[in-house]
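The file model39.cif comes next; it holds mmCIF, C-alpha atoms and all ligand atoms.
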```cif
data_start
#
loop_
_atom_site.label_atom_id
_atom_site.label_comp_id
_atom_site.auth_asym_id
_atom_site.auth_seq_id
_atom_site.Cartn_x
_atom_site.Cartn_y
_atom_site.Cartn_z
CA MET A 1 73.48 7.32 125.40
CA ALA A 2 72.33 10.47 127.20
CA ASP A 3 70.71 13.14 125.03
CA THR A 4 73.25 15.64 126.22
CA LEU A 5 76.95 14.90 126.51
CA GLY A 6 78.74 16.25 129.57
CA PHE A 7 82.12 17.95 129.21
CA GLY A 8 84.86 18.70 131.72
CA ILE A 9 87.55 21.25 130.90
CA ILE A 10 90.95 20.46 132.43
CA GLY A 11 92.91 23.68 132.84
CA ALA A 12 91.04 26.91 133.58
CA GLY A 13 93.47 29.28 131.89
CA LEU A 14 93.59 31.39 128.79
CA VAL A 15 92.12 28.97 126.25
CA ALA A 16 89.48 27.45 128.55
CA PRO A 17 86.81 30.11 127.79
CA PHE A 18 87.01 29.27 124.08
CA HIS A 19 85.97 25.71 124.97
CA ALA A 20 83.35 26.87 127.47
CA LYS A 21 81.75 29.37 125.08
CA SER A 22 81.71 26.73 122.35
CA LEU A 23 79.90 24.33 124.65
CA ARG A 24 77.33 26.98 125.49
CA ALA A 25 76.71 27.47 121.77
CA SER A 26 76.78 23.76 120.93
CA ASP A 27 73.92 21.46 120.08
CA GLY A 28 74.01 18.66 122.65
CA GLY A 29 77.10 19.52 124.71
CA GLU A 30 76.91 20.65 128.32
CA LEU A 31 79.77 21.99 130.38
CA ILE A 32 79.77 20.20 133.73
CA ALA A 33 83.00 21.32 135.39
CA PHE A 34 86.42 22.95 135.24
CA CYS A 35 89.42 21.33 136.85
CA ASP A 36 92.50 23.32 137.80
CA LEU A 37 95.20 22.79 140.41
CA ASP A 38 94.99 26.50 141.00
CA LYS A 39 91.85 26.71 143.14
CA ALA A 40 91.27 30.42 142.50
CA ARG A 41 91.32 29.89 138.73
CA ALA A 42 88.99 26.89 138.89
CA ASP A 43 86.57 28.71 141.19
CA LYS A 44 86.54 31.88 139.10
CA MET A 45 85.82 30.08 135.85
CA ALA A 46 83.28 27.73 137.46
CA ALA A 47 81.40 30.71 138.94
CA GLU A 48 81.43 32.51 135.60
CA TYR A 49 79.86 29.57 133.79
CA GLY A 50 77.73 28.33 136.70
CA VAL A 51 79.35 24.89 136.84
CA GLN A 52 81.33 22.79 139.31
CA ALA A 53 84.99 23.33 140.18
CA TYR A 54 87.39 20.44 140.72
CA TYR A 55 90.94 20.81 141.97
CA ARG A 56 92.09 17.20 141.49
CA LEU A 57 91.95 15.41 138.18
CA GLU A 58 90.92 12.15 139.86
CA ASP A 59 87.79 13.80 141.26
CA MET A 60 86.74 15.11 137.87
CA LEU A 61 87.40 11.77 136.21
CA ALA A 62 85.19 10.05 138.78
CA ASP A 63 82.23 12.28 137.83
CA PRO A 64 79.84 10.08 135.80
CA ARG A 65 78.16 13.14 134.26
CA ILE A 66 81.34 13.84 132.30
CA HIS A 67 81.68 11.97 129.01
CA VAL A 68 84.33 14.13 127.34
CA CYS A 69 87.42 15.82 128.75
CA ASN A 70 88.92 18.85 127.03
CA VAL A 71 92.60 19.04 127.91
CA ALA A 72 93.60 22.70 128.07
CA LEU A 73 96.82 22.36 130.06
CA PRO A 74 100.38 23.51 129.36
CA ASN A 75 101.78 21.48 126.47
CA HIS A 76 104.09 19.13 128.41
CA LEU A 77 101.18 17.99 130.62
CA HIS A 78 98.85 16.79 127.86
CA HIS A 79 100.39 13.31 127.63
CA GLY A 80 100.00 12.13 131.23
CA VAL A 81 96.52 13.61 131.58
CA VAL A 82 95.23 12.17 128.29
CA LEU A 83 96.36 8.71 129.44
CA LYS A 84 94.38 9.15 132.67
CA CYS A 85 91.29 10.39 130.82
CA ALA A 86 91.40 7.39 128.49
CA ALA A 87 91.86 5.00 131.42
CA ALA A 88 88.73 6.54 132.98
CA GLY A 89 86.81 5.89 129.75
CA LYS A 90 86.39 9.55 128.83
CA HIS A 91 86.54 10.78 125.24
CA VAL A 92 89.32 13.33 124.85
CA LEU A 93 89.79 16.55 122.96
CA THR A 94 93.31 17.85 123.52
CA GLU A 95 94.69 21.27 122.81
CA LYS A 96 97.63 21.58 120.46
CA PRO A 97 100.32 20.33 120.25
CA PRO A 98 98.91 16.95 121.29
CA ALA A 99 102.22 16.00 122.95
CA MET A 100 105.92 16.83 123.11
CA THR A 101 107.33 13.72 121.40
CA LEU A 102 106.23 11.12 118.87
CA ARG A 103 106.57 8.41 121.51
CA GLU A 104 104.11 10.28 123.72
CA THR A 105 101.79 10.99 120.79
CA ASP A 106 101.74 7.34 119.79
CA GLY A 107 101.18 6.26 123.39
CA MET A 108 98.16 8.54 123.70
CA ILE A 109 96.68 7.37 120.39
CA GLU A 110 97.12 3.75 121.44
CA ALA A 111 95.64 4.33 124.91
CA CYS A 112 92.53 5.98 123.44
CA ARG A 113 92.18 3.25 120.83
CA LYS A 114 92.39 0.53 123.47
CA ALA A 115 89.90 2.35 125.70
CA GLY A 116 87.51 2.78 122.77
CA VAL A 117 87.28 6.55 123.24
CA LYS A 118 87.45 9.32 120.63
CA PHE A 119 90.65 11.36 120.57
CA GLY A 120 90.65 14.70 118.77
CA CYS A 121 92.87 17.76 118.68
CA THR A 122 91.93 21.43 118.46
CA VAL A 123 94.05 22.49 115.52
CA GLN A 124 90.92 24.41 114.75
CA CYS A 125 92.26 26.57 111.89
CA ARG A 126 91.71 23.53 109.67
CA VAL A 127 87.97 24.10 109.74
CA ARG A 128 88.10 27.62 108.26
CA LYS A 129 86.10 27.79 105.05
CA ALA A 130 89.14 29.06 103.16
CA ILE A 131 91.24 26.08 104.24
CA GLN A 132 88.44 23.63 103.47
CA ALA A 133 88.16 25.15 99.98
CA MET A 134 91.92 24.78 99.47
CA LYS A 135 91.78 21.17 100.67
CA ARG A 136 88.97 20.33 98.25
CA ALA A 137 90.79 22.03 95.39
CA ILE A 138 93.93 19.99 96.13
CA GLU A 139 91.98 16.74 96.42
CA THR A 140 90.14 17.33 93.17
CA GLY A 141 93.39 18.12 91.35
CA ARG A 142 92.62 21.76 90.60
CA PHE A 143 96.13 22.93 91.51
CA GLY A 144 97.72 20.35 89.24
CA ARG A 145 101.14 19.41 90.61
CA LEU A 146 101.61 21.12 93.97
CA LEU A 147 104.69 23.34 93.94
CA HIS A 148 104.63 25.49 97.10
CA ALA A 149 102.88 25.52 100.49
CA ASP A 150 103.93 28.47 102.64
CA ALA A 151 102.96 30.01 105.98
CA TYR A 152 103.81 33.56 107.06
CA MET A 153 102.96 34.28 110.68
CA LYS A 154 104.20 37.76 111.63
CA TRP A 155 102.77 38.21 115.10
CA PHE A 156 103.50 40.11 118.26
CA ARG A 157 103.51 38.99 121.89
CA THR A 158 104.74 41.17 124.75
CA THR A 159 107.53 40.10 127.09
CA GLU A 160 104.88 40.15 129.86
CA TYR A 161 102.99 37.43 127.96
CA TYR A 162 106.05 35.17 128.15
CA HIS A 163 106.38 35.81 131.89
CA SER A 164 102.66 35.54 132.71
CA ASP A 165 102.91 31.80 133.52
CA ALA A 166 106.10 29.85 134.17
CA TRP A 167 105.52 27.35 131.35
CA ARG A 168 105.28 30.09 128.66
CA SER A 169 109.02 30.68 128.79
CA SER A 170 110.15 27.08 129.30
CA ARG A 171 111.14 25.06 126.26
CA LYS A 172 110.68 21.78 128.15
CA SER A 173 107.07 22.80 128.86
CA GLY A 174 106.42 23.37 125.18
CA ALA A 175 106.95 27.10 124.82
CA GLY A 176 108.59 28.82 121.86
CA VAL A 177 107.08 30.26 118.73
CA THR A 178 107.54 27.08 116.70
CA VAL A 179 105.73 24.56 118.89
CA GLN A 180 103.37 26.97 120.57
CA HIS A 181 102.19 29.55 118.03
CA ALA A 182 103.30 28.39 114.58
CA PHE A 183 102.07 24.86 115.29
CA HIS A 184 98.64 25.74 113.86
CA TYR A 185 100.07 26.97 110.57
CA ILE A 186 102.68 24.26 110.16
CA ASP A 187 99.71 21.95 110.72
CA LEU A 188 97.77 23.68 107.94
CA LEU A 189 100.67 23.14 105.53
CA GLN A 190 100.84 19.49 106.54
CA TYR A 191 97.06 19.13 106.28
CA LEU A 192 97.12 20.59 102.77
CA ALA A 193 100.43 19.39 101.32
CA GLY A 194 100.90 16.18 103.31
CA PRO A 195 103.77 14.87 105.44
CA GLY A 196 107.24 16.38 105.35
CA ALA A 197 110.31 14.61 103.96
CA ARG A 198 113.06 17.08 104.91
CA VAL A 199 113.22 20.16 107.10
CA GLN A 200 115.74 22.94 107.59
CA ALA A 201 115.19 25.55 110.27
CA ARG A 202 116.81 28.54 111.92
CA MET A 203 115.54 29.90 115.23
CA THR A 204 116.41 33.28 116.70
CA ASN A 205 115.25 35.62 119.43
CA LEU A 206 114.69 39.10 117.99
CA ALA A 207 112.66 41.00 120.56
CA HIS A 208 112.39 39.14 123.88
CA PRO A 209 115.97 39.02 125.25
CA SER A 210 114.86 38.06 128.78
CA VAL A 211 113.15 34.92 127.44
CA LYS A 212 115.42 31.99 126.63
CA LEU A 213 113.41 30.78 123.66
CA GLU A 214 113.13 31.35 119.94
CA ASP A 215 110.63 34.09 119.16
CA THR A 216 111.31 33.71 115.43
CA LEU A 217 111.46 30.72 113.10
CA LEU A 218 112.62 30.58 109.49
CA ALA A 219 112.23 27.15 107.93
CA PHE A 220 112.11 25.25 104.67
CA ILE A 221 110.02 22.11 104.30
CA ASP A 222 110.31 19.59 101.47
CA PHE A 223 107.03 17.68 101.42
CA GLU A 224 106.76 14.02 100.47
CA CYS A 225 104.52 15.03 97.55
CA GLY A 226 107.40 16.97 95.98
CA ALA A 227 106.21 20.48 96.88
CA GLN A 228 108.42 22.79 98.88
CA GLY A 229 107.44 25.30 101.52
CA VAL A 230 108.59 28.17 103.67
CA VAL A 231 107.54 28.93 107.23
CA GLU A 232 108.26 32.39 108.61
CA ALA A 233 106.86 32.68 112.11
CA SER A 234 107.49 35.29 114.75
CA THR A 235 106.04 36.87 117.87
CA ALA A 236 108.54 39.75 117.61
CA LEU A 237 106.93 41.79 114.86
CA TRP A 238 104.74 44.55 116.27
CA PRO A 239 101.79 45.06 115.93
CA GLY A 240 101.24 41.67 114.29
CA THR A 241 99.51 41.00 111.01
CA ASP A 242 97.17 38.28 109.77
CA VAL A 243 98.76 34.91 109.00
CA ARG A 244 99.06 34.16 105.30
CA ILE A 245 98.82 30.65 103.92
CA GLU A 246 99.84 30.42 100.28
CA ILE A 247 99.37 27.38 98.07
CA ASN A 248 100.76 27.31 94.53
CA GLY A 249 100.39 24.56 91.97
CA GLU A 250 101.05 24.32 88.25
CA ASP A 251 97.43 25.26 87.59
CA GLY A 252 96.45 27.58 90.40
CA THR A 253 97.23 29.81 93.38
CA ALA A 254 95.25 30.33 96.57
CA VAL A 255 96.05 32.64 99.46
CA MET A 256 94.34 32.96 102.84
CA ALA A 257 95.08 35.96 105.09
CA GLY A 258 93.61 35.61 108.58
CA GLU A 259 90.48 33.72 107.60
CA ARG A 260 89.91 35.56 104.30
CA VAL A 261 90.52 34.24 100.82
CA THR A 262 92.60 36.98 99.18
CA THR A 263 93.67 35.12 96.04
CA TRP A 264 91.77 32.27 94.37
CA LYS A 265 92.84 31.82 90.78
CA PHE A 266 92.86 28.66 88.66
CA ARG A 267 93.56 28.17 84.98
CA GLU A 268 90.03 26.76 84.72
CA GLU A 269 87.47 28.93 86.49
CA ARG A 270 84.52 27.09 88.10
CA PRO A 271 81.08 28.43 89.08
CA GLU A 272 81.82 28.16 92.83
CA ASP A 273 84.99 30.28 92.59
CA GLU A 274 83.30 33.65 92.89
CA GLU A 275 81.68 32.66 96.18
CA ILE A 276 84.95 31.21 97.53
CA ARG A 277 86.64 34.57 96.89
CA SER A 278 84.21 36.15 99.37
CA TYR A 279 85.04 33.72 102.23
CA GLY A 280 86.10 35.22 105.55
CA SER A 281 85.88 38.59 107.18
CA ALA A 282 88.59 41.20 107.56
CA ALA A 283 87.02 42.15 110.91
CA GLN A 284 87.57 38.69 112.44
CA ALA A 285 90.67 38.77 114.67
CA THR A 286 92.84 35.68 114.30
CA GLY A 287 95.43 36.03 117.04
CA ALA A 288 98.02 38.34 115.44
CA GLY A 289 98.24 40.90 118.22
CA GLY A 290 97.38 39.09 121.45
CA PRO A 291 96.97 35.60 122.91
CA ALA A 292 93.16 35.76 123.30
CA ASP A 293 92.61 37.93 120.26
CA PHE A 294 90.42 35.53 118.26
CA GLY A 295 86.85 34.18 118.14
CA PHE A 296 85.57 30.81 119.35
CA GLN A 297 83.78 29.83 116.13
CA ASP A 298 86.53 27.47 114.97
CA HIS A 299 86.66 25.77 118.39
CA LEU A 300 82.88 25.41 118.22
CA VAL A 301 83.10 23.46 114.96
CA VAL A 302 85.63 21.02 116.46
CA ILE A 303 83.66 20.60 119.70
CA GLN A 304 80.34 20.19 117.87
CA ASP A 305 82.01 17.54 115.73
CA MET A 306 83.12 15.66 118.87
CA ILE A 307 79.50 15.63 120.07
CA ASP A 308 78.22 14.46 116.68
CA ALA A 309 81.00 11.86 116.31
CA ILE A 310 80.07 10.28 119.64
CA ARG A 311 76.38 10.28 118.78
CA GLU A 312 76.97 8.88 115.31
CA ASP A 313 79.74 6.53 116.47
CA ARG A 314 82.22 7.72 113.86
CA ASP A 315 85.71 9.20 114.00
CA VAL A 316 86.20 12.89 114.73
CA ILE A 317 87.18 15.30 111.93
CA ILE A 318 90.59 16.00 113.46
CA PRO A 319 91.85 12.74 114.96
CA VAL A 320 95.24 13.05 116.67
CA GLU A 321 96.67 10.56 114.13
CA SER A 322 96.21 13.27 111.51
CA VAL A 323 98.22 15.74 113.61
CA ARG A 324 101.13 13.33 114.25
CA PRO A 325 102.94 14.32 111.00
CA THR A 326 102.80 17.96 112.20
CA VAL A 327 104.39 17.00 115.51
CA GLU A 328 107.09 15.27 113.49
CA ILE A 329 107.80 18.32 111.30
CA VAL A 330 107.98 20.55 114.40
CA LEU A 331 110.38 18.18 116.16
CA ALA A 332 112.53 18.09 113.02
CA MET A 333 112.61 21.91 113.01
CA TYR A 334 114.03 21.96 116.54
CA GLN A 335 116.56 19.26 115.66
CA SER A 336 117.59 21.14 112.54
CA ALA A 337 117.99 24.46 114.36
CA ALA A 338 120.02 22.82 117.14
CA ARG A 339 122.31 20.98 114.71
CA ASN A 340 122.42 23.75 112.13
CA LYS A 341 121.74 21.34 109.30
CA PRO A 342 118.78 19.81 107.45
CA VAL A 343 116.92 16.89 109.05
CA GLU A 344 115.41 14.02 107.08
CA LEU A 345 112.07 12.60 108.21
CA PRO A 346 111.06 10.33 109.88
CA VAL A 347 112.84 11.90 112.83
CA GLN A 348 114.93 9.62 115.01
CA ASP A 349 115.34 9.97 118.75
CA ASP A 350 112.92 12.79 119.40
CA ASP A 351 113.33 12.44 123.16
CA GLY A 352 116.35 14.77 123.31
CA VAL A 353 114.75 17.62 121.38
CA TRP A 354 113.64 19.65 124.39
CA GLU A 355 117.05 19.55 126.11
CA TRP A 356 118.36 22.06 123.59
N1 LIG A 401 93.84 26.20 119.97
C1 LIG A 401 94.25 27.43 120.22
O1 LIG A 401 94.06 28.36 119.45
C2 LIG A 401 94.98 27.68 121.50
C3 LIG A 401 95.12 28.99 122.00
C4 LIG A 401 95.79 29.16 123.21
C5 LIG A 401 96.32 28.07 123.89
N2 LIG A 401 96.18 26.82 123.35
C6 LIG A 401 96.69 25.63 124.04
O2 LIG A 401 95.91 25.42 125.20
C7 LIG A 401 96.70 24.85 126.23
C8 LIG A 401 96.61 25.74 127.46
O3 LIG A 401 97.10 27.02 127.15
P1 LIG A 401 96.67 28.29 128.01
O4 LIG A 401 97.22 29.46 127.31
O5 LIG A 401 95.22 28.22 128.32
O6 LIG A 401 97.51 28.01 129.34
P2 LIG A 401 97.25 28.64 130.79
O7 LIG A 401 98.56 28.59 131.50
O8 LIG A 401 96.57 29.96 130.66
O9 LIG A 401 96.22 27.61 131.45
C9 LIG A 401 96.60 26.34 131.87
C10 LIG A 401 95.95 26.04 133.20
O10 LIG A 401 96.29 24.72 133.59
C11 LIG A 401 96.42 24.69 135.01
N3 LIG A 401 97.16 23.49 135.38
C12 LIG A 401 98.50 23.27 135.31
N4 LIG A 401 98.76 22.00 135.67
C13 LIG A 401 97.59 21.41 135.97
C14 LIG A 401 97.21 20.10 136.38
N5 LIG A 401 98.12 19.15 136.53
N6 LIG A 401 95.89 19.85 136.59
C15 LIG A 401 94.96 20.82 136.42
N7 LIG A 401 95.27 22.07 136.04
C16 LIG A 401 96.56 22.36 135.82
C17 LIG A 401 97.09 26.00 135.33
O11 LIG A 401 96.89 26.36 136.69
C18 LIG A 401 96.42 26.96 134.35
O12 LIG A 401 95.30 27.60 134.92
C19 LIG A 401 98.11 24.74 125.65
O13 LIG A 401 98.27 23.45 125.15
C20 LIG A 401 98.12 25.74 124.52
O14 LIG A 401 99.03 25.37 123.50
C21 LIG A 401 95.51 26.62 122.19
#
```
Turn the structure described in the file into structure tokens.
Ligand SMILES: NC(=O)c1ccc[n+]([C@@H]2O[C@H](COP(=O)([O-])OP(=O)(O)OC[C@H]3O[C@@H](n4cnc5c(N)ncnc54)[C@H](O)[C@@H]3O)[C@@H](O)[C@H]2O)c1
Amino acid sequence: MADTLGFGIIGAGLVAPFHAKSLRASDGGELIAFCDLDKARADKMAAEYGVQAYYRLEDMLADPRIHVCNVALPNHLHHGVVLKCAAAGKHVLTEKPPAMTLRETDGMIEACRKAGVKFGCTVQCRVRKAIQAMKRAIETGRFGRLLHADAYMKWFRTTEYYHSDAWRSSRKSGAGVTVQHAFHYIDLLQYLAGPGARVQARMTNLAHPSVKLEDTLLAFIDFECGAQGVVEASTALWPGTDVRIEINGEDGTAVMAGERVTTWKFREERPEDEEIRSYGSAAQATGAGGPADFGFQDHLVVIQDMIDAIREDRDVIIPVESVRPTVEIVLAMYQSAARNKPVELPVQDDDGVWEW
């Protein structure tokens, strides 16, 4: 194994710099190339980071210096490209959502397993210290019986944002506040409270009439563990405020706003609690007001973990298997909104979801 692992970023758009900056800051990762069908975008990003530009996926995959591919493409393209990366023997880190259906998600997981390559997903909010503290508190039983797991994402995106690339206003390409923006926070609820059992959702468009998508989601989730949850997510609410994640159990309540712990209260106080209450910074932007309005630190943790996982020959901290139940909840939300009734999980027939 080479001392340094080479990375290729597929898709030189908005999120690509978060991967590139993380690689610059990583211990043992080296960015080798960007690949984008749009030559100008590939060239611009490659020049900025002093690396190679590829315009055809096949050419990048043939580059032996590249061990890991970061898939930063529009959502509906992840599936086909991940399969090609796996077939070329490259480890893969895909952006969220990993794919558009469960069938695709399972196919990608299986392809990576068969190829013997790592397969991670950048649902990077999981690595925030506040979320890790909540996860530990749940696992060690500090909340007692879990009662509620809620996400409130009151964000703003301009109409220009939706029209800036064709895929951003196309449901079939994976646009819409539920699958595109709220995915991270639905994933946090799933990560903390576990898989969903039943979902009811309503989707509306409050502030972007020229875009044929939901810009607002209101949903209830019944989790398998017995807790219930609410998701309120919007890109219509100017100027946008920090996402709140709220966890309530019989014995405690924890709230994260942005990346800060704003409430951390348990019936039995522990010595570490005072420090946990100081986690996060109010100055750290977390995406409320604009699409690139956040730092790369969370991406860095996920990318550094990919490097370490390959070196140590272990699984990554966010394997795509662990994100599959989030994909399922999101698909159930679209089914529920389309049918105007609750949907029981596991979802059936997810292939038709994007026709709605
Ligand atoms: N983790 C996060 O916080 C976060 C933030 C933003 C976006 N994302 C995700 O990142 C992915 C990309 O989003 P974005 O906003 O950067 O999109 P983008 O449209 O800005 O960039 C995508 C790029 O892919 C290129 N492309 C399209 N088809 C291609 C192909 N077949 N081969 C090579 N290049 C191709 C486009 O030309 C474009 O430059 C999406 O999955 C999105 O959900 C994640």
*Using only C-alpha atoms, which residues sit within 8 Å of range 165-181 of chain A once same-chain residues fewer than 6 positions away are excluded, as a list in words?*
Pro74, Asn75, His76, Leu77, Lys96, Pro97, Met100, Val211, Lys212, Leu213, Glu214, Asp215, Thr216, Leu217, Ala233, Ser234, Thr235, Val330, Trp354 and Glu355 of chain A
*Got a sec to check which residues lie within 8 Å of ligand LIG 401 (chain A), using all atoms listed in the file, and send them as a VMD selection string?*
chain A and resid 10 to 16 35 to 38 41 to 42 55 to 57 71 to 78 81 94 to 98 122 to 125 165 167 to 168 174 180 to 181 184 291 to 292 299
Same residues, C-alpha atoms, saved as a PDB file, keeping the file's coordinate frame:
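Once written, part_30.pdb looks like this:
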```pdb
ATOM      1  CA  ILE A  10      90.950  20.460 132.430  1.00  0.00           C
ATOM      2  CA  GLY A  11      92.910  23.680 132.840  1.00  0.00           C
ATOM      3  CA  ALA A  12      91.040  26.910 133.580  1.00  0.00           C
ATOM      4  CA  GLY A  13      93.470  29.280 131.890  1.00  0.00           C
ATOM      5  CA  LEU A  14      93.590  31.390 128.790  1.00  0.00           C
ATOM      6  CA  VAL A  15      92.120  28.970 126.250  1.00  0.00           C
ATOM      7  CA  ALA A  16      89.480  27.450 128.550  1.00  0.00           C
ATOM      8  CA  CYS A  35      89.420  21.330 136.850  1.00  0.00           C
ATOM      9  CA  ASP A  36      92.500  23.320 137.800  1.00  0.00           C
ATOM     10  CA  LEU A  37      95.200  22.790 140.410  1.00  0.00           C
ATOM     11  CA  ASP A  38      94.990  26.500 141.000  1.00  0.00           C
ATOM     12  CA  ARG A  41      91.320  29.890 138.730  1.00  0.00           C
ATOM     13  CA  ALA A  42      88.990  26.890 138.890  1.00  0.00           C
ATOM     14  CA  TYR A  55      90.940  20.810 141.970  1.00  0.00           C
ATOM     15  CA  ARG A  56      92.090  17.200 141.490  1.00  0.00           C
ATOM     16  CA  LEU A  57      91.950  15.410 138.180  1.00  0.00           C
ATOM     17  CA  VAL A  71      92.600  19.040 127.910  1.00  0.00           C
ATOM     18  CA  ALA A  72      93.600  22.700 128.070  1.00  0.00           C
ATOM     19  CA  LEU A  73      96.820  22.360 130.060  1.00  0.00           C
ATOM     20  CA  PRO A  74     100.380  23.510 129.360  1.00  0.00           C
ATOM     21  CA  ASN A  75     101.780  21.480 126.470  1.00  0.00           C
ATOM     22  CA  HIS A  76     104.090  19.130 128.410  1.00  0.00           C
ATOM     23  CA  LEU A  77     101.180  17.990 130.620  1.00  0.00           C
ATOM     24  CA  HIS A  78      98.850  16.790 127.860  1.00  0.00           C
ATOM     25  CA  VAL A  81      96.520  13.610 131.580  1.00  0.00           C
ATOM     26  CA  THR A  94      93.310  17.850 123.520  1.00  0.00           C
ATOM     27  CA  GLU A  95      94.690  21.270 122.810  1.00  0.00           C
ATOM     28  CA  LYS A  96      97.630  21.580 120.460  1.00  0.00           C
ATOM     29  CA  PRO A  97     100.320  20.330 120.250  1.00  0.00           C
ATOM     30  CA  PRO A  98      98.910  16.950 121.290  1.00  0.00           C
ATOM     31  CA  THR A 122      91.930  21.430 118.460  1.00  0.00           C
ATOM     32  CA  VAL A 123      94.050  22.490 115.520  1.00  0.00           C
ATOM     33  CA  GLN A 124      90.920  24.410 114.750  1.00  0.00           C
ATOM     34  CA  CYS A 125      92.260  26.570 111.890  1.00  0.00           C
ATOM     35  CA  ASP A 165     102.910  31.800 133.520  1.00  0.00           C
ATOM     36  CA  TRP A 167     105.520  27.350 131.350  1.00  0.00           C
ATOM     37  CA  ARG A 168     105.280  30.090 128.660  1.00  0.00           C
ATOM     38  CA  GLY A 174     106.420  23.370 125.180  1.00  0.00           C
ATOM     39  CA  GLN A 180     103.370  26.970 120.570  1.00  0.00           C
ATOM     40  CA  HIS A 181     102.190  29.550 118.030  1.00  0.00           C
ATOM     41  CA  HIS A 184      98.640  25.740 113.860  1.00  0.00           C
ATOM     42  CA  PRO A 291      96.970  35.600 122.910  1.00  0.00           C
ATOM     43  CA  ALA A 292      93.160  35.760 123.300  1.00  0.00           C
ATOM     44  CA  HIS A 299      86.660  25.770 118.390  1.00  0.00           C
TER      45      HIS A 299
END
```
*When distances are computed from only C-alpha atoms, which of A:Phe18, A:Tyr54, A:Tyr279, A:Phe183 shows the smallest separation from Gly295 in chain A?*
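Using only C-alpha atoms, the shortest distance to Gly295 in chain A belongs to A:Phe18.
Compared by their closest atoms to Gly6 in chain A, and using all atoms listed in the file, the residues A:Gly226, A:Pro64, A:Gly352, A:Pro319 rank with A:Pro64 nearest.
Distances to Ser22 in chain A were evaluated for A:Met45, A:Ala111, A:Ile303, A:Ala201 using all atoms listed in the file, and the minimum falls at A:Ile303.
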*Determine the nearest neighbour of Leu5 in chain A from the options A:Ala309, A:Cys85, A:Val230, A:Ala99, counting all atoms listed in the file.*
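The answer is A:Ala309, which sits nearest to Leu5 in chain A.
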*Among listed residues A:Pro342, A:Leu188, A:Arg198, A:Glu321, nearest Glu110 in chain A (using all atoms listed in the file)*: A:Glu321
Neighbour residues at most 12 Å from (84.4, 32.9, 92.2) (all atoms listed in the file) as a short mmCIF file (atom, residue, chain, number, x, y, z; two decimals) with C-alpha atoms, keeping the file's coordinate frame:
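What landed in part18.cif:
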```cif
data_model
loop_
_atom_site.label_atom_id
_atom_site.label_comp_id
_atom_site.auth_asym_id
_atom_site.auth_seq_id
_atom_site.Cartn_x
_atom_site.Cartn_y
_atom_site.Cartn_z
CA ALA A 133 88.16 25.15 99.98
CA ALA A 254 95.25 30.33 96.57
CA VAL A 261 90.52 34.24 100.82
CA THR A 262 92.60 36.98 99.18
CA THR A 263 93.67 35.12 96.04
CA TRP A 264 91.77 32.27 94.37
CA LYS A 265 92.84 31.82 90.78
CA PHE A 266 92.86 28.66 88.66
CA GLU A 268 90.03 26.76 84.72
CA GLU A 269 87.47 28.93 86.49
CA ARG A 270 84.52 27.09 88.10
CA PRO A 271 81.08 28.43 89.08
CA GLU A 272 81.82 28.16 92.83
CA ASP A 273 84.99 30.28 92.59
CA GLU A 274 83.30 33.65 92.89
CA GLU A 275 81.68 32.66 96.18
CA ILE A 276 84.95 31.21 97.53
CA ARG A 277 86.64 34.57 96.89
CA SER A 278 84.21 36.15 99.37
CA TYR A 279 85.04 33.72 102.23
#
```
_Using only C-alpha atoms, can you tell me which of A:Gln297, A:Ala219, A:Ile310, A:Ala257 comes closest to Ala337 in chain A?_
A:Ala219
_Selection near Ala332 in chain A, 7 Å with all atoms listed in the file, sequence-local residues under 4 positions removed, as a count of residues only_ = 5
*Figure out the distance between CA of Pro17 in chain A and CA of Asp106 in chain A, please, to one decimal in Å.*
28.4 Å
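For the pair CA of Ala115 in chain A and CA of Ala87 in chain A, the separation is 6.6 Å.
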*Please provide the set of residues having any atom within 10 Å of range 244-247 of chain A, restricted to all atoms listed in the file, with same-chain residues fewer than 4 positions apart removed, written as a PyMOL selection string.*
chain A and resi 130-131+134+138+143+146-154+185-186+188-189+192-193+227+229-232+252-264
Could you take the residues named above and write them with C-alpha atoms, as a short mmCIF file (atom, residue, chain, number, x, y, z; two decimals), keeping the file's coordinate frame?
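Generated file (selection32.cif):
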```
data_model
loop_
_atom_site.label_atom_id
_atom_site.label_comp_id
_atom_site.auth_asym_id
_atom_site.auth_seq_id
_atom_site.Cartn_x
_atom_site.Cartn_y
_atom_site.Cartn_z
CA ALA A 130 89.14 29.06 103.16
CA ILE A 131 91.24 26.08 104.24
CA MET A 134 91.92 24.78 99.47
CA ILE A 138 93.93 19.99 96.13
CA PHE A 143 96.13 22.93 91.51
CA LEU A 146 101.61 21.12 93.97
CA LEU A 147 104.69 23.34 93.94
CA HIS A 148 104.63 25.49 97.10
CA ALA A 149 102.88 25.52 100.49
CA ASP A 150 103.93 28.47 102.64
CA ALA A 151 102.96 30.01 105.98
CA TYR A 152 103.81 33.56 107.06
CA MET A 153 102.96 34.28 110.68
CA LYS A 154 104.20 37.76 111.63
CA TYR A 185 100.07 26.97 110.57
CA ILE A 186 102.68 24.26 110.16
CA LEU A 188 97.77 23.68 107.94
CA LEU A 189 100.67 23.14 105.53
CA LEU A 192 97.12 20.59 102.77
CA ALA A 193 100.43 19.39 101.32
CA ALA A 227 106.21 20.48 96.88
CA GLY A 229 107.44 25.30 101.52
CA VAL A 230 108.59 28.17 103.67
CA VAL A 231 107.54 28.93 107.23
CA GLU A 232 108.26 32.39 108.61
CA GLY A 252 96.45 27.58 90.40
CA THR A 253 97.23 29.81 93.38
CA ALA A 254 95.25 30.33 96.57
CA VAL A 255 96.05 32.64 99.46
CA MET A 256 94.34 32.96 102.84
CA ALA A 257 95.08 35.96 105.09
CA GLY A 258 93.61 35.61 108.58
CA GLU A 259 90.48 33.72 107.60
CA ARG A 260 89.91 35.56 104.30
CA VAL A 261 90.52 34.24 100.82
CA THR A 262 92.60 36.98 99.18
CA THR A 263 93.67 35.12 96.04
CA TRP A 264 91.77 32.27 94.37
#
```
